[in-house]
$ cat entry28.tsv   # TSV, C-alpha atoms
chain	number	residue	atom	x	y	z
K	1	MET	CA	74.51	103.19	208.34
K	2	SER	CA	71.26	101.74	207.45
K	3	LYS	CA	70.55	98.14	207.97
K	4	PHE	CA	68.41	97.73	204.78
K	5	LYS	CA	69.91	98.59	201.48
K	6	SER	CA	67.87	99.36	198.39
K	7	LYS	CA	68.96	97.28	195.42
K	8	LYS	CA	66.64	99.09	193.08
K	9	ASP	CA	68.34	101.08	190.33
K	10	ASN	CA	66.58	104.19	189.28
K	11	SER	CA	66.48	103.45	185.53
K	12	LEU	CA	63.25	103.29	183.53
K	13	PRO	CA	61.62	99.90	183.07
K	14	ALA	CA	61.62	98.28	179.61
K	15	VAL	CA	58.72	99.11	177.28
K	16	ASN	CA	56.14	96.38	177.15
K	17	THR	CA	55.74	95.34	173.49
K	18	ALA	CA	53.20	92.58	174.04
K	19	SER	CA	50.34	94.59	172.49
K	20	LEU	CA	52.38	95.89	169.54
K	21	PRO	CA	51.27	93.14	167.08
K	22	ASP	CA	47.63	93.85	167.95
K	23	ILE	CA	48.09	97.53	167.16
K	24	VAL	CA	49.85	96.77	163.88
K	25	PHE	CA	47.10	94.43	162.74
K	26	MET	CA	44.40	96.93	163.73
K	27	LEU	CA	46.11	99.61	161.62
K	28	LEU	CA	46.52	97.20	158.73
K	29	PHE	CA	42.85	96.23	158.90
K	30	PHE	CA	41.81	99.90	159.10
K	31	PHE	CA	43.76	100.85	155.97
K	32	MET	CA	42.50	97.81	154.08
K	33	VAL	CA	38.91	98.83	154.82
K	34	VAL	CA	39.14	102.54	154.05
K	35	THR	CA	41.38	102.39	150.96
K	36	VAL	CA	39.58	102.87	147.67
K	37	MET	CA	41.09	101.13	144.70
K	38	ARG	CA	41.49	103.22	141.58
K	39	GLU	CA	39.34	102.02	138.71
K	40	ASP	CA	40.87	103.56	135.61
K	41	THR	CA	43.32	106.29	134.70
K	42	LEU	CA	41.37	108.78	132.63
K	43	MET	CA	43.19	109.74	129.45
K	44	ILE	CA	40.27	111.77	128.12
K	45	GLU	CA	38.43	114.88	129.21
K	46	ASN	CA	35.38	113.68	131.07
K	47	ARG	CA	33.10	116.55	132.00
K	48	LEU	CA	29.81	114.77	132.34
K	49	PRO	CA	26.59	116.40	131.13
K	50	ASN	CA	24.07	117.51	133.75
K	51	ALA	CA	20.71	115.84	134.29
K	52	ASP	CA	17.96	116.66	136.74
K	53	GLN	CA	16.25	113.25	136.93
K	54	VAL	CA	19.07	110.95	138.01
K	55	GLU	CA	18.79	107.45	139.40
K	56	LYS	CA	21.60	105.73	141.28
K	57	LEU	CA	22.83	102.48	139.77
K	58	ASP	CA	22.97	99.43	142.05
K	59	LYS	CA	26.49	98.13	142.59
K	60	LYS	CA	25.32	94.57	143.22
K	61	TYR	CA	25.59	93.69	139.53
K	62	PRO	CA	28.76	93.98	137.44
K	63	ILE	CA	29.35	97.25	135.60
K	64	SER	CA	31.78	97.89	132.75
K	65	TYR	CA	32.74	101.45	131.87
K	66	ILE	CA	33.37	102.88	128.41
K	67	TYR	CA	34.79	106.40	128.33
K	68	ALA	CA	34.53	108.72	125.33
K	69	GLY	CA	35.89	112.20	124.84
K	70	LYS	CA	38.72	114.33	123.60
K	71	PRO	CA	42.22	113.29	124.83
K	72	SER	CA	43.22	115.28	127.92
K	73	LYS	CA	46.46	117.14	128.60
K	74	GLY	CA	49.45	114.90	128.20
K	75	TYR	CA	47.68	112.79	125.58
K	76	GLU	CA	47.44	115.39	122.80
K	77	LYS	CA	49.53	113.13	120.55
K	78	PHE	CA	46.39	111.01	120.06
K	79	GLY	CA	44.58	113.89	118.35
K	80	ASP	CA	41.92	116.37	119.27
K	81	VAL	CA	38.79	114.47	118.23
K	82	ALA	CA	36.75	112.28	120.57
K	83	ARG	CA	38.29	108.88	121.27
K	84	VAL	CA	37.10	105.75	123.07
K	85	GLN	CA	38.90	104.56	126.20
K	86	LEU	CA	38.46	100.98	127.42
K	87	ASN	CA	40.04	100.37	130.81
K	88	ASP	CA	43.44	102.12	130.71
K	89	LYS	CA	44.03	102.41	126.96
K	90	PHE	CA	42.64	104.10	123.91
K	91	ALA	CA	40.76	101.73	121.64
K	92	ASP	CA	39.10	101.66	118.28
K	93	ILE	CA	35.32	101.34	118.03
K	94	THR	CA	35.73	97.84	116.57
K	95	GLU	CA	37.45	96.63	119.77
K	96	ILE	CA	34.32	97.13	121.89
K	97	GLN	CA	32.89	93.68	121.07
K	98	SER	CA	36.04	91.89	122.23
K	99	PHE	CA	36.16	94.12	125.32
K	100	ILE	CA	32.59	93.19	126.29
K	101	ASN	CA	33.25	89.50	125.66
K	102	ALA	CA	36.38	89.68	127.85
K	103	GLU	CA	34.40	91.42	130.59
K	104	ARG	CA	31.75	88.72	130.45
K	105	THR	CA	34.25	85.89	130.74
K	106	ALA	CA	35.84	87.59	133.76
K	107	ILE	CA	32.65	87.42	135.83
K	108	ARG	CA	30.65	84.50	137.18
K	109	GLU	CA	28.35	82.74	134.73
K	110	GLU	CA	25.11	83.57	136.56
K	111	LEU	CA	25.93	87.32	136.39
K	112	ARG	CA	26.89	87.46	132.71
K	113	ASP	CA	23.42	88.42	131.50
K	114	LYS	CA	23.23	91.16	134.17
K	115	LEU	CA	26.33	93.00	132.95
K	116	THR	CA	25.61	96.71	132.60
K	117	VAL	CA	27.68	98.91	130.33
K	118	SER	CA	27.99	102.45	131.64
K	119	LEU	CA	28.90	105.14	129.13
K	120	LYS	CA	30.86	108.07	130.53
K	121	VAL	CA	30.83	110.48	127.62
K	122	ASP	CA	32.21	114.01	127.71
K	123	ARG	CA	29.59	116.72	127.19
K	124	GLU	CA	31.56	118.12	124.23
K	125	ALA	CA	31.79	114.76	122.42
K	126	ASN	CA	29.99	114.33	119.13
K	127	MET	CA	26.84	112.21	119.27
K	128	GLY	CA	28.14	110.17	116.32
K	129	ILE	CA	30.69	108.40	118.53
K	130	VAL	CA	27.92	107.50	120.98
K	131	GLY	CA	25.86	106.02	118.13
K	132	ASP	CA	28.87	103.99	116.96
K	133	ILE	CA	29.47	102.69	120.49
K	134	LYS	CA	25.81	101.70	120.85
K	135	LEU	CA	25.93	99.88	117.48
K	136	GLU	CA	28.96	97.85	118.61
K	137	LEU	CA	27.28	97.09	121.94
K	138	ARG	CA	24.24	95.76	120.06
K	139	LYS	CA	26.51	93.51	118.01
K	140	ALA	CA	28.00	92.21	121.28
K	141	SER	CA	24.48	91.62	122.69
K	142	ALA	CA	25.08	94.12	125.49
K	143	PHE	CA	21.63	95.66	125.77
K	144	LYS	CA	21.82	97.04	129.32
K	145	ILE	CA	23.29	100.50	128.83
K	146	ASN	CA	23.57	103.27	131.38
K	147	TYR	CA	24.53	106.88	130.70
K	148	THR	CA	26.52	108.40	133.54
K	149	THR	CA	25.71	112.05	134.23
K	150	ALA	CA	26.29	114.68	136.85
K	151	THR	CA	23.41	115.97	138.93
K	152	GLY	CA	22.33	119.46	137.97
K	153	ASP	CA	20.17	121.55	135.68
K	154	ALA	CA	19.88	119.87	132.28
K	155	LEU	CA	19.49	123.22	130.53
K	156	SER	CA	23.01	124.22	131.62
K	157	ASN	CA	24.39	121.74	129.06
K	158	PHE	CA	23.56	124.21	126.29
K	159	ASP	CA	25.72	127.02	127.71
$ encode --input "entry28.tsv" --output "structure tokens"
Amino acid sequence: MSKFKSKKDNSLPAVNTASLPDIVFMLLFFFMVVTVMREDTLMIENRLPNADQVEKLDKKYPISYIYAGKPSKGYEKFGDVARVQLNDKFADITEIQSFINAERTAIREELRDKLTVSLKVDREANMGIVGDIKLELRKASAFKINYTTATGDALSNFD
């Protein structure tokens, strides 16, 4: 017989969980950084017209979006003529002033005069709805207007 006995059992040691909270917080931070928040649910067809001289809009100032176009699939009950969408709902042209005023009150006071209204209008929409939107924006004193387009050959809009 041996004089020294081994008291060591041959089972696996316990898993060290000391670094587990660090890993969880790193994953949480990673997903918070890379996740993009959805802006609006589009309820209209929004095939933007092409333009060949496009300038990128700075994101340092607040931007409000107004969508215009024919209701998309699933929203046919709203008709087949161009409609205006403000945030996540269809709206009448006369509601644009109150929408702009609400957008202005939601931002800081020093940025209120720098609010830019970006029009995302479908290429098939009638120009009359754009003129009506611009008239309502003038009444709301929203003079900084941007037209959102896709980059491409401008002549392809006539096809």
$ atom_distance --input "entry28.tsv" --atom1 "atom CA of Lys139 of chain K" --atom2 "atom CA of Phe78 of chain K"
26.6 Å
$ closest_atom_pairs --input "entry28.tsv" --of "segment 13-47 of chain K" --to "segment 80-87 of chain K" --cutoff "8 Å" --atoms "all atoms listed in the file" --output "tab-separated table"
residue	atom	partner	partner_atom	distance
K:Asp40	CA	K:Asn87	CA	5.8
K:Thr41	CA	K:Asn87	CA	7.8
K:Met43	CA	K:Gln85	CA	7.5
K:Ile44	CA	K:Gln85	CA	7.6
$ closest_residue --input "entry28.tsv" --among "K:Thr17, K:Thr148, K:Ser156, K:Ser64" --to "Asn46 of chain K" --atoms "all atoms listed in the file"
K:Thr148
$ closest_residue --input "entry28.tsv" --among "K:Leu48, K:Val54, K:Leu155, K:Ala140" --to "Ala68 of chain K" --atoms "all atoms listed in the file"
K:Leu48
$ closest_residue --input "entry28.tsv" --among "K:Asp88, K:Thr116, K:Lys73, K:Arg104" --to "Lys59 of chain K" --atoms "only C-alpha atoms"
K:Thr116
$ closest_residue --input "entry28.tsv" --among "K:Leu57, K:Leu42, K:Ile93, K:Val15" --to "Tyr75 of chain K" --atoms "only C-alpha atoms"
K:Leu42
$ closest_residue --input "entry28.tsv" --among "K:Phe25, K:Asp132, K:Phe31, K:Pro62" --to "Ala106 of chain K" --atoms "only C-alpha atoms"
K:Pro62
$ atom_distance --input "entry28.tsv" --atom1 "atom CA of Asp153 of chain K" --atom2 "atom CA of Glu124 of chain K"
16.5 Å
$ closest_residue --input "entry28.tsv" --among "K:Val36, K:Ala150, K:Ile96, K:Leu28" --to "Glu136 of chain K" --atoms "only C-alpha atoms"
K:Ile96
$ residues_around --input "entry28.tsv" --residues "Ile107 of chain K" --least-positions-apart "5" --cutoff "12 Å" --atoms "only C-alpha atoms" --output "PyMOL selection string"
chain K and resi 61-64+100-102+112-115
$ atom_distance --input "entry28.tsv" --atom1 "atom CA of Ile66 of chain K" --atom2 "atom CA of Asp159 of chain K"
25.3 Å
$ residues_around --input "entry28.tsv" --residues "Asp52 of chain K" --least-positions-apart "3" --cutoff "8 Å" --atoms "only C-alpha atoms" --output "number ranges by chain"
K: 151-154
$ write_last_selection --input "entry28.tsv" --atoms "C-alpha atoms" --output "PDB file, in the frame of the given file"
ATOM      1  CA  THR K 151      23.410 115.970 138.930  1.00  0.00           C
ATOM      2  CA  GLY K 152      22.330 119.460 137.970  1.00  0.00           C
ATOM      3  CA  ASP K 153      20.170 121.550 135.680  1.00  0.00           C
ATOM      4  CA  ALA K 154      19.880 119.870 132.280  1.00  0.00           C
TER       5      ALA K 154
END
$ decode --input "entry28.tsv" --residues "segment 46-142 of chain K" --atoms "C-alpha atoms" --output "compact mmCIF listing (two decimals), in the first residue's frame"
# COMPACT_ATOMS: atom_id res chain seq x y z
CA ASN K 46 -42.24 56.02 -51.87
CA ARG K 47 -40.18 55.52 -54.99
CA LEU K 48 -38.08 58.64 -54.95
CA PRO K 49 -37.27 60.48 -58.19
CA ASN K 50 -33.68 60.38 -59.44
CA ALA K 51 -31.37 63.39 -59.46
CA ASP K 52 -27.80 63.70 -60.63
CA GLN K 53 -26.72 66.72 -58.56
CA VAL K 54 -27.41 65.60 -55.00
CA GLU K 55 -26.14 67.15 -51.80
CA LYS K 56 -26.15 65.34 -48.47
CA LEU K 57 -28.13 67.04 -45.71
CA ASP K 58 -26.34 67.63 -42.40
CA LYS K 59 -27.86 65.71 -39.51
CA LYS K 60 -26.72 68.24 -36.92
CA TYR K 61 -29.95 70.24 -37.27
CA PRO K 62 -33.44 68.85 -36.69
CA ILE K 63 -35.27 67.42 -39.70
CA SER K 64 -38.99 66.69 -40.01
CA TYR K 65 -40.22 64.41 -42.77
CA ILE K 66 -43.42 64.74 -44.78
CA TYR K 67 -44.25 61.80 -47.04
CA ALA K 68 -46.58 62.02 -50.04
CA GLY K 69 -47.71 59.34 -52.42
CA LYS K 70 -50.30 56.75 -53.24
CA PRO K 71 -51.24 54.38 -50.36
CA SER K 72 -49.22 51.16 -50.53
CA LYS K 73 -50.44 47.57 -50.34
CA GLY K 74 -52.46 46.97 -47.22
CA TYR K 75 -53.67 50.57 -47.16
CA GLU K 76 -55.82 50.52 -50.30
CA LYS K 77 -58.87 51.41 -48.20
CA PHE K 78 -57.54 54.99 -48.07
CA GLY K 79 -57.93 55.36 -51.84
CA ASP K 80 -55.66 55.37 -54.83
CA VAL K 81 -54.80 59.06 -55.06
CA ALA K 82 -51.74 60.64 -53.47
CA ARG K 83 -52.05 61.20 -49.71
CA VAL K 84 -49.92 62.98 -47.12
CA GLN K 85 -48.33 61.00 -44.29
CA LEU K 86 -47.11 62.77 -41.15
CA ASN K 87 -45.18 60.49 -38.82
CA ASP K 88 -47.14 57.22 -38.70
CA LYS K 89 -50.57 58.35 -39.88
CA PHE K 90 -52.32 59.73 -42.90
CA ALA K 91 -53.17 63.40 -42.56
CA ASP K 92 -55.04 66.11 -44.36
CA ILE K 93 -53.15 68.99 -45.95
CA THR K 94 -54.62 71.37 -43.35
CA GLU K 95 -52.93 69.41 -40.51
CA ILE K 96 -49.42 70.32 -41.71
CA GLN K 97 -49.33 73.63 -39.80
CA SER K 98 -50.15 71.96 -36.48
CA PHE K 99 -47.63 69.20 -37.26
CA ILE K 100 -44.84 71.74 -37.86
CA ASN K 101 -45.76 73.67 -34.70
CA ALA K 102 -45.69 70.43 -32.69
CA GLU K 103 -42.29 69.55 -34.16
CA ARG K 104 -40.96 72.97 -33.22
CA THR K 105 -42.14 72.73 -29.63
CA ALA K 106 -40.51 69.30 -29.31
CA ILE K 107 -37.00 70.64 -30.00
CA ARG K 108 -34.79 73.06 -28.10
CA GLU K 109 -35.56 76.75 -28.51
CA GLU K 110 -32.24 77.67 -30.12
CA LEU K 111 -32.79 75.05 -32.88
CA ARG K 112 -36.38 75.99 -33.73
CA ASP K 113 -35.44 78.38 -36.53
CA LYS K 114 -33.10 75.73 -38.01
CA LEU K 115 -35.83 73.12 -38.47
CA THR K 116 -35.68 71.67 -41.97
CA VAL K 117 -38.70 70.03 -43.55
CA SER K 118 -37.75 67.20 -45.89
CA LEU K 119 -40.32 66.20 -48.49
CA LYS K 120 -40.22 62.55 -49.54
CA VAL K 121 -42.60 62.52 -52.47
CA ASP K 122 -43.26 59.53 -54.71
CA ARG K 123 -42.21 60.03 -58.32
CA GLU K 124 -45.75 59.23 -59.51
CA ALA K 125 -47.41 61.79 -57.22
CA ASN K 126 -49.15 64.77 -58.77
CA MET K 127 -47.29 68.07 -58.46
CA GLY K 128 -50.49 69.69 -57.12
CA ILE K 129 -50.09 67.93 -53.76
CA VAL K 130 -46.52 69.24 -53.52
CA GLY K 131 -47.75 72.78 -54.19
CA ASP K 132 -50.42 72.40 -51.49
CA ILE K 133 -47.83 71.12 -49.00
CA LYS K 134 -45.50 74.03 -49.78
CA LEU K 135 -48.38 76.51 -49.31
CA GLU K 136 -49.16 75.07 -45.86
CA LEU K 137 -45.46 75.15 -44.95
CA ARG K 138 -45.33 78.84 -45.88
CA LYS K 139 -48.33 79.49 -43.63
CA ALA K 140 -46.45 77.73 -40.81
CA SER K 141 -43.32 79.83 -41.51
CA ALA K 142 -41.31 76.73 -42.38
